[in-house]
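A.B. asks: Take this structure, written in structure tokens, and hold onto it; I'll ask about it next.
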Amino acid sequence: MMTTIVEKERTTESPVRVKEHAKSVYSTNQLNLWYGSNHALKNIDLDIKEHEVTAIIGPSGCGKSTYIKTLNRMVELVPSVKTSGEILYRDRNIFDSNYSVEELRTRVGMVFQKPNPFPKSIYDNVAYGPRIHGIRNKKILNEIVEKSLRGAAIWDEVKDRLHENAYGVSGGQQQRICIARALAIEPDVILMDEPTSALDPISTLKIEELVQELKKDYSIIIVTHNMQQAARISDKTAFFLNGEVVEFDHTDTIFSNPSDKRTEDYISGRFG
Amino acid sequence: MRPSVQEMIAQSNGKKSKKVIEKIIPVVLFLIASVSVLTTVGIVITLILETITFFTRVPVADFLFGTTWLPFSNKEELYGIWPLILGTLKVTAIAVVVAVPIGISAAIYLSEYASEPVRRTIKPVLEILAGVPTIVYGFFALTFVTPVLQSFFPDVKIFNAISPGIVVGIMIVPMIASLSEDAMTSVPRQIREGALAMGSTKLEVAMKITLPAAFSGIIASVVLAISRAIGETMIVSLAGGSTPRFDGNFTDSIQTMTAYIVQVSKGDAGYGTTIYYSIYAVGFTLFLFTMIMNILAGYLSKRFREEY
Amino acid sequence: MKYIEQDLVIQRMSGRKILNLIFKVLFLFATSLALLALAILLFRIVTQGAGHLSIDFIQNFASRFPEKAGIKAALVGSLWLMAVVAPTSIILGVGSAIYLEEYAKKNKVTTFIQVNISNLAGVPSVVFGLLGLTIFVRALALGNSILAAGFTMSLLILPVIIVASQEAIRSVPAELRDASYGMGATKWQTIVRIILPAAIPGILTGSILALSRAIGETAPLIVIGVPVIIQFLPSGVMDTFTALPMQIYDWSSRPQQEFQQVAAAGIIVLMAFLLFMNSIAVFIRNKFHKRY
């Protein structure tokens, strides 16, 4: 039932095999998660590769958001969360008792559903990460801020108002500032939890284009409620349903030739 | 070329100080948070210990059942608490008679009738009324309310229970009004709209829908206000007098529990005298009264919150 | 057959409408009684006290003679008291609030602390005076100093500051916390850099209102034994002192008519002080009104 791409490759020798030599950033093995007595994630097995965009789709309540928040252990901010199984990030289990969450989150950036800049200036927002991690040199900070804002394709729009409050710009711009903020610590992976769900279509398009750019330097995992978005921007897609991974494959395959009836029903809009 | 940000981070994270702070801070904050608990413990222990000392000199039964409070007597000192309790209850009763109709009317008016600009005018005024220091209210009672009362009722003495009662009532109006209004506005709007859509007048909505629904919340506000009235000190000290009496007289000088504590503290009752310890016994009685009221109010408002 | 005669209902409607109007007027009348009381109170005090208000009144010490009586010692004493109460109560209050909102687990100890705080808020101020007398004045031998009175007042307003700070901290959107934690910030970094800056307007507003309560409180000071006739200014926190409400209380309870005017003048000074603090609170509230 739960055919991860890795197992599949071993048996089918598909032409995309070459690409599978890329290193894994995240290997999830038999992950289970409970909110109190609610079994929210069931036996998840997923292998996420470097420099790819991995989309996670599924109807609301399927566990896709929970899963991405487990990848940087943000899910633990909810009281009474229990997990079993393991998630290897660069071959280290993130649930290990001596694995510091701060270190994990320094390596793994996150962009949230609603743009959530801090009520500070645009500059201070982007410089937040470097600063809390001990980088205080003004010149280096300036450099990082500019580079990150450029990386998030927002530099030209805000370069003259870096010291104004980040809430003074539009929602779409705020979200790109949040992406810049995540880029500022040069993370390895960027997690995006429905980053465009609160944005208008034009801002959404800009973010989607940006994701394509960022893919060159970062591994991106994006949760989306929008199947077209997944189809447009991702290399691989995982379909979640009721806390389980129904299917995980190349995005083309998922959308053109899904192997599971439920995936097909969801993709064709029969539910969700 | 500068090193990568992640390298710089790794370098500065080598320092230990960050981890130490994260360990120490919760402990420090817990200690700070426990100050409020220690305060309660301090109050209870202080009151109990000194009250016990008091009871080694004055029999418990005399205190609990005596109806004469005569601590400053040259012959025989009498410590029967009832006159002080009665004084407190007289003032509180008048305060309730004044404050409950005004407070609840104001709450109904604010939650059911008042337009937004009117609300925005009345609410700050009520806040000011709540912020007036009690010493100012006491002065007002003594120099304005009492003379006005005397001009209508010549029997009223310069110190009496009525004047401080009225002013304590004015003082607790904002409390009843704002807490009751909170209770009434938290009745879901759909219920109200349902009744209005059937052609009810606003009065009918208030009386048949909002008031019954918010009832326990409103009662909680009144109980809390009564607790405030019982503990009120300056108004009764200035305008109530210092004559503990065990009768139904409202127009003559009285003494409340709080006023007695002030009277003794003002004079120089030497440390270690029976009079000195008596203020703790009175204070403990006062503490119990207000505590019961507060717990009752807490229970009522919790019940109210559970309904919605 | 119809159960409801629409015509009859409409006919009777006018009576119900009139009743509604009568009660509306009644409710408004009762509400305006409270406003009227405030108006009379302020009017009386201003008319009684304005005559005595002068530069001399501010500059003079207390006196047996009403015409010479001034409020200098009390005014300075109240400022000294604030200098102790403000830092003590804000540090304790905000620290407790941070602990309860950010660190405390949802368990029985936390519930107990929370219930305790709301009960403490209902303890009469005169009882706090008894606590201060026993603990600070006698046990810690601070005497009737500014420090003893300041600590007592701090404990008195502590519950108010804790609750106000908790509300301010709670109203900081969870998204901001998430963003900070998501960057790998530690809890304390998130609190200091994100949560407190966002909560500070609410904390300050609540604290200033609590402090203005402390300025007007009289009963605990009397119980602690704060004197009234003081002819010098304190030079440190261990000195004895007097405060505005104590001075007003003393003047109010004197039999001579003239001292009532002096008391009213003192009340004007006290109320001006409070008005000043409240306008700062309102200013902060408006200036930092919701930026997210």
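A note on labels: chains of the structure tokens are A, B, ... as shown, every chain counts residues from 1, and ligands are counted from 1 in their shown order.
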Near chain A, meaning an atom within 8 Å, which residues of chain C appear when counting only C-alpha atoms? Write them as a list in words.

C.D. replies: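 Going by the stated atoms only, the list reads Glu175, Leu176, Asp178, Ala179, Tyr181, Gly182, Met183, Gly184, Ala185, Thr186, Gln189, Ile194, Ala198, Arg291 and Tyr292 of chain C.
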
A.B. asks: Write the residues of the preceding selection, restricted to C-alpha atoms, as a CSV table (one decimal), in the first residue's frame.

C.D. replies:
chain,number,residue,atom,x,y,z
C,175,GLU,CA,2.8,33.1,14.6
C,176,LEU,CA,5.5,35.4,15.9
C,178,ASP,CA,6.6,30.1,15.7
C,179,ALA,CA,8.7,32.3,13.4
C,181,TYR,CA,11.5,29.2,17.2
C,182,GLY,CA,11.6,28.2,13.5
C,183,MET,CA,14.8,30.2,13.2
C,184,GLY,CA,16.4,28.1,15.9
C,185,ALA,CA,16.0,30.7,18.6
C,186,THR,CA,16.0,29.5,22.2
C,189,GLN,CA,15.8,34.6,23.1
C,194,ILE,CA,10.0,38.9,20.3
C,198,ALA,CA,5.4,43.0,21.4
C,291,ARG,CA,0.7,46.8,14.8
C,292,TYR,CA,0.2,43.2,13.7

A.B. asks: Up to 6 Å from chain C, what residues of chain B turn up? Count only C-alpha atoms and give them as an mmCIF file with N, CA, C and O atoms, in the first residue's frame.

C.D. replies:
data_model
loop_
_atom_site.group_PDB
_atom_site.id
_atom_site.type_symbol
_atom_site.label_atom_id
_atom_site.label_comp_id
_atom_site.auth_asym_id
_atom_site.auth_seq_id
_atom_site.Cartn_x
_atom_site.Cartn_y
_atom_site.Cartn_z
ATOM 1 N N LEU B 29 12.653 32.439 37.200
ATOM 2 C CA LEU B 29 11.276 32.886 36.991
ATOM 3 C C LEU B 29 10.302 32.124 37.885
ATOM 4 O O LEU B 29 9.330 32.686 38.381
ATOM 5 N N ILE B 32 10.427 33.727 41.200
ATOM 6 C CA ILE B 32 9.671 34.989 41.180
ATOM 7 C C ILE B 32 8.167 34.707 41.250
ATOM 8 O O ILE B 32 7.442 35.336 42.012
ATOM 9 N N ALA B 33 7.730 33.722 40.456
ATOM 10 C CA ALA B 33 6.294 33.421 40.442
ATOM 11 C C ALA B 33 5.821 32.910 41.794
ATOM 12 O O ALA B 33 4.654 33.062 42.152
ATOM 13 N N ILE B 43 0.479 35.835 54.575
ATOM 14 C CA ILE B 43 -0.721 36.441 55.160
ATOM 15 C C ILE B 43 -1.399 35.451 56.100
ATOM 16 O O ILE B 43 -1.705 35.766 57.259
ATOM 17 N N ILE B 102 -28.077 50.365 40.506
ATOM 18 C CA ILE B 102 -27.368 51.262 39.578
ATOM 19 C C ILE B 102 -26.419 50.463 38.693
ATOM 20 O O ILE B 102 -26.395 50.615 37.471
ATOM 21 N N SER B 105 -28.368 48.203 36.209
ATOM 22 C CA SER B 105 -29.011 49.051 35.195
ATOM 23 C C SER B 105 -27.980 49.547 34.199
ATOM 24 O O SER B 105 -28.204 49.524 32.984
ATOM 25 N N ALA B 106 -26.857 50.001 34.717
ATOM 26 C CA ALA B 106 -25.811 50.509 33.825
ATOM 27 C C ALA B 106 -25.332 49.392 32.901
ATOM 28 O O ALA B 106 -25.134 49.606 31.706
ATOM 29 N N TYR B 109 -28.001 48.830 30.302
ATOM 30 C CA TYR B 109 -28.009 49.942 29.356
ATOM 31 C C TYR B 109 -26.830 49.841 28.395
ATOM 32 O O TYR B 109 -26.992 49.972 27.181
ATOM 33 N N PRO B 133 -9.107 57.138 44.470
ATOM 34 C CA PRO B 133 -8.615 56.519 45.714
ATOM 35 C C PRO B 133 -9.696 56.552 46.799
ATOM 36 O O PRO B 133 -10.492 57.490 46.867
ATOM 37 N N LEU B 203 -36.210 45.430 25.663
ATOM 38 C CA LEU B 203 -36.460 45.151 27.075
ATOM 39 C C LEU B 203 -36.744 43.663 27.269
ATOM 40 O O LEU B 203 -36.229 43.030 28.185
ATOM 41 N N GLY B 231 -14.145 44.746 52.764
ATOM 42 C CA GLY B 231 -12.742 45.056 53.032
ATOM 43 C C GLY B 231 -12.419 46.532 52.963
ATOM 44 O O GLY B 231 -11.306 46.939 53.287
ATOM 45 N N SER B 265 -4.030 50.976 64.827
ATOM 46 C CA SER B 265 -2.745 51.259 64.190
ATOM 47 C C SER B 265 -2.354 52.719 64.333
ATOM 48 O O SER B 265 -1.177 53.045 64.457
#

A.B. asks: Counting only C-alpha atoms, give me one row per residue of region 156-257 of chain B with an atom at most 9 Å from an atom of region 296-300 of chain B, showing the shortest contact pair and its distance in Å to one decimal, sorted by chain then residue number, as JSON lines.

C.D. replies:
{"residue": "B:Ser216", "atom": "CA", "partner": "B:Leu300", "partner_atom": "CA", "distance": 5.6}
{"residue": "B:Gly217", "atom": "CA", "partner": "B:Leu300", "partner_atom": "CA", "distance": 6.5}
{"residue": "B:Ile218", "atom": "CA", "partner": "B:Leu300", "partner_atom": "CA", "distance": 9.0}
{"residue": "B:Ile219", "atom": "CA", "partner": "B:Leu300", "partner_atom": "CA", "distance": 7.3}
{"residue": "B:Ala220", "atom": "CA", "partner": "B:Ala297", "partner_atom": "CA", "distance": 4.4}
{"residue": "B:Ser221", "atom": "CA", "partner": "B:Ala297", "partner_atom": "CA", "distance": 7.0}
{"residue": "B:Val222", "atom": "CA", "partner": "B:Ala297", "partner_atom": "CA", "distance": 8.2}
{"residue": "B:Val223", "atom": "CA", "partner": "B:Ala297", "partner_atom": "CA", "distance": 5.7}
{"residue": "B:Leu224", "atom": "CA", "partner": "B:Ala297", "partner_atom": "CA", "distance": 5.8}

A.B. asks: Rank nothing, just name the residue among A:Met227, A:Ile254, A:Ile48, A:Leu141 nearest to chain B, using only C-alpha atoms.

C.D. replies: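 Looking only at the distances to chain B, the closest residue turns out to be A:Leu141.
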
A.B. asks: Distance cut-off 7 Å, counting only C-alpha atoms - which residues of chain B neighbour chain A? Return them as a list in words.

C.D. replies: Val5, Gln6, Ile9, Ser12 and Asn13 of chain B

A.B. asks: What does the distance from CA of Ala55 (chain A) to CA of Ser148 (chain A) come to in Å, to one decimal?

C.D. replies: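 Calculated distance between CA of Ala55 (chain A) and CA of Ser148 (chain A) is 23.3 Å.
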
A.B. asks: Identify, with DSSP run on backbone atoms, the residues in region 155-266 of chain B assigned to alpha helix (DSSP H), and express the list as a PyMOL selection string.

C.D. replies: chain B and resi 162-185+189-197+202-204+211-213+215-231+234-239+257-266

A.B. asks: Quick one: everything within 10 Å of Gly248 (chain B), counting only C-alpha atoms, minus sequence neighbours fewer than 6 positions away in the same chain. Send it as a list of chain:residue names.

C.D. replies: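 So, after excluding close chain neighbours, the residues are B:Leu86, B:Gly87, B:Lys90.
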
A.B. asks: Near Gln59 (chain C), within 7 Å and counting only C-alpha atoms, which residues show up once chain neighbours fewer than 2 positions away are dropped, as a PDB file with all heavy atoms, in the first residue's frame?

C.D. replies:
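Writing the result to result-v9.pdb gives the following:
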ATOM      1  N   ILE C  55       1.715  77.768  45.275  1.00  0.00           N
ATOM      2  CA  ILE C  55       3.088  77.290  45.252  1.00  0.00           C
ATOM      3  C   ILE C  55       3.541  76.960  46.673  1.00  0.00           C
ATOM      4  O   ILE C  55       4.213  75.950  46.916  1.00  0.00           O
ATOM      5  CB  ILE C  55       4.025  78.359  44.629  1.00  0.00           C
ATOM      6  CG1 ILE C  55       3.646  78.602  43.162  1.00  0.00           C
ATOM      7  CG2 ILE C  55       5.479  77.926  44.737  1.00  0.00           C
ATOM      8  CD1 ILE C  55       3.893  77.446  42.240  1.00  0.00           C
ATOM      9  N   ASP C  56       3.124  77.800  47.630  1.00  0.00           N
ATOM     10  CA  ASP C  56       3.500  77.556  49.022  1.00  0.00           C
ATOM     11  C   ASP C  56       3.005  76.197  49.500  1.00  0.00           C
ATOM     12  O   ASP C  56       3.693  75.503  50.247  1.00  0.00           O
ATOM     13  CB  ASP C  56       2.899  78.641  49.934  1.00  0.00           C
ATOM     14  CG  ASP C  56       3.706  79.927  49.843  1.00  0.00           C
ATOM     15  OD1 ASP C  56       4.816  79.856  49.277  1.00  0.00           O
ATOM     16  OD2 ASP C  56       3.227  80.964  50.322  1.00  0.00           O
ATOM     17  N   PHE C  57       1.782  75.851  49.079  1.00  0.00           N
ATOM     18  CA  PHE C  57       1.208  74.574  49.500  1.00  0.00           C
ATOM     19  C   PHE C  57       2.104  73.410  49.068  1.00  0.00           C
ATOM     20  O   PHE C  57       2.306  72.448  49.787  1.00  0.00           O
ATOM     21  CB  PHE C  57      -0.195  74.424  48.899  1.00  0.00           C
ATOM     22  CG  PHE C  57      -0.880  73.150  49.276  1.00  0.00           C
ATOM     23  CD1 PHE C  57      -1.227  72.895  50.591  1.00  0.00           C
ATOM     24  CD2 PHE C  57      -1.175  72.180  48.312  1.00  0.00           C
ATOM     25  CE1 PHE C  57      -1.860  71.710  50.945  1.00  0.00           C
ATOM     26  CE2 PHE C  57      -1.805  71.006  48.665  1.00  0.00           C
ATOM     27  CZ  PHE C  57      -2.150  70.771  49.981  1.00  0.00           C
ATOM     28  N   PHE C  61       6.112  72.313  54.457  1.00  0.00           N
ATOM     29  CA  PHE C  61       5.916  71.080  55.204  1.00  0.00           C
ATOM     30  C   PHE C  61       4.586  71.159  55.945  1.00  0.00           C
ATOM     31  O   PHE C  61       3.919  72.196  55.945  1.00  0.00           O
ATOM     32  CB  PHE C  61       7.066  70.899  56.207  1.00  0.00           C
ATOM     33  CG  PHE C  61       8.331  70.449  55.556  1.00  0.00           C
ATOM     34  CD1 PHE C  61       9.405  71.307  55.379  1.00  0.00           C
ATOM     35  CD2 PHE C  61       8.442  69.140  55.105  1.00  0.00           C
ATOM     36  CE1 PHE C  61      10.570  70.882  54.767  1.00  0.00           C
ATOM     37  CE2 PHE C  61       9.618  68.712  54.501  1.00  0.00           C
ATOM     38  CZ  PHE C  61      10.679  69.584  54.327  1.00  0.00           C
ATOM     39  N   GLY C  70       1.512  72.537  54.286  1.00  0.00           N
ATOM     40  CA  GLY C  70       1.894  72.233  52.914  1.00  0.00           C
ATOM     41  C   GLY C  70       2.086  70.743  52.728  1.00  0.00           C
ATOM     42  O   GLY C  70       2.015  69.961  53.678  1.00  0.00           O
ATOM     43  N   ILE C  71       2.360  70.340  51.504  1.00  0.00           N
ATOM     44  CA  ILE C  71       2.310  68.927  51.151  1.00  0.00           C
ATOM     45  C   ILE C  71       3.665  68.403  50.689  1.00  0.00           C
ATOM     46  O   ILE C  71       3.782  67.274  50.215  1.00  0.00           O
ATOM     47  CB  ILE C  71       1.213  68.725  50.083  1.00  0.00           C
ATOM     48  CG1 ILE C  71       0.713  67.292  50.092  1.00  0.00           C
ATOM     49  CG2 ILE C  71       1.708  69.152  48.711  1.00  0.00           C
ATOM     50  CD1 ILE C  71      -0.649  67.165  49.518  1.00  0.00           C
ATOM     51  N   LYS C  72       4.705  69.233  50.882  1.00  0.00           N
ATOM     52  CA  LYS C  72       6.008  68.877  50.330  1.00  0.00           C
ATOM     53  C   LYS C  72       6.478  67.482  50.750  1.00  0.00           C
ATOM     54  O   LYS C  72       6.819  66.647  49.909  1.00  0.00           O
ATOM     55  CB  LYS C  72       7.038  69.918  50.785  1.00  0.00           C
ATOM     56  CG  LYS C  72       8.401  69.732  50.157  1.00  0.00           C
ATOM     57  CD  LYS C  72       9.329  70.855  50.608  1.00  0.00           C
ATOM     58  CE  LYS C  72      10.677  70.763  49.916  1.00  0.00           C
ATOM     59  NZ  LYS C  72      11.580  71.827  50.420  1.00  0.00           N
TER      60      LYS C  72
END

A.B. asks: For the strand (DSSP E or B) assignment from backbone DSSP, which residues of region 17-178 of chain B qualify? Please present them as a list in words.

C.D. replies: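 Here are the strand (DSSP E or B) residues of region 17-178 of chain B: Trp69, Leu70, Leu78 and Tyr79 of chain B.
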
A.B. asks: Write out as a tab-separated table (two decimals) with N, CA and C atoms, in the first residue's frame which residues come within 7 Å of Ser84 (chain A) when counting only C-alpha atoms, dropping same-chain ones fewer than 4 positions away.

C.D. replies:
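Output (part-v8.tsv):
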chain	number	residue	atom	x	y	z
A	31	LEU	N	7.29	6.62	11.14
A	31	LEU	CA	6.94	7.71	12.05
A	31	LEU	C	5.45	7.63	12.43
A	32	ASN	N	5.22	7.66	13.73
A	32	ASN	CA	3.85	7.77	14.24
A	32	ASN	C	3.78	8.98	15.13
A	33	LEU	N	2.63	9.66	15.12
A	33	LEU	CA	2.49	10.83	15.98
A	33	LEU	C	1.07	10.90	16.52

A.B. asks: For region 228-244 of chain C, find every residue with an atom within 6 Å (counting only C-alpha atoms), except residues of its own chain fewer than 3 positions away, and show them as a list in words.

C.D. replies: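 Within the cut-off, the hits are Phe61, Ala73, Ala74, Leu75, Gly77, Ser78, Asn144, Ser145, Ile146, Leu147 and Gln247 of chain C.
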
A.B. asks: At a cut-off of 12 Å, using only C-alpha atoms, what residues contact Lys287 (chain C)? Leave out same-chain residues fewer than 6 positions from it and give the result as an MDAnalysis selection string.

C.D. replies: chainID C and resid 200:202 205 279:281

A.B. asks: How far is it from CA of Ile172 (chain B) to CA of Met153 (chain C), in Å with one decimal?

C.D. replies: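 Here the two named atoms are 21.5 Å from each other.
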
A.B. asks: How many Å lie between CA of Ile68 (chain A) and CA of Leu205 (chain A), rounded to one decimal?

C.D. replies: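 Those two atoms sit 22.1 Å apart.
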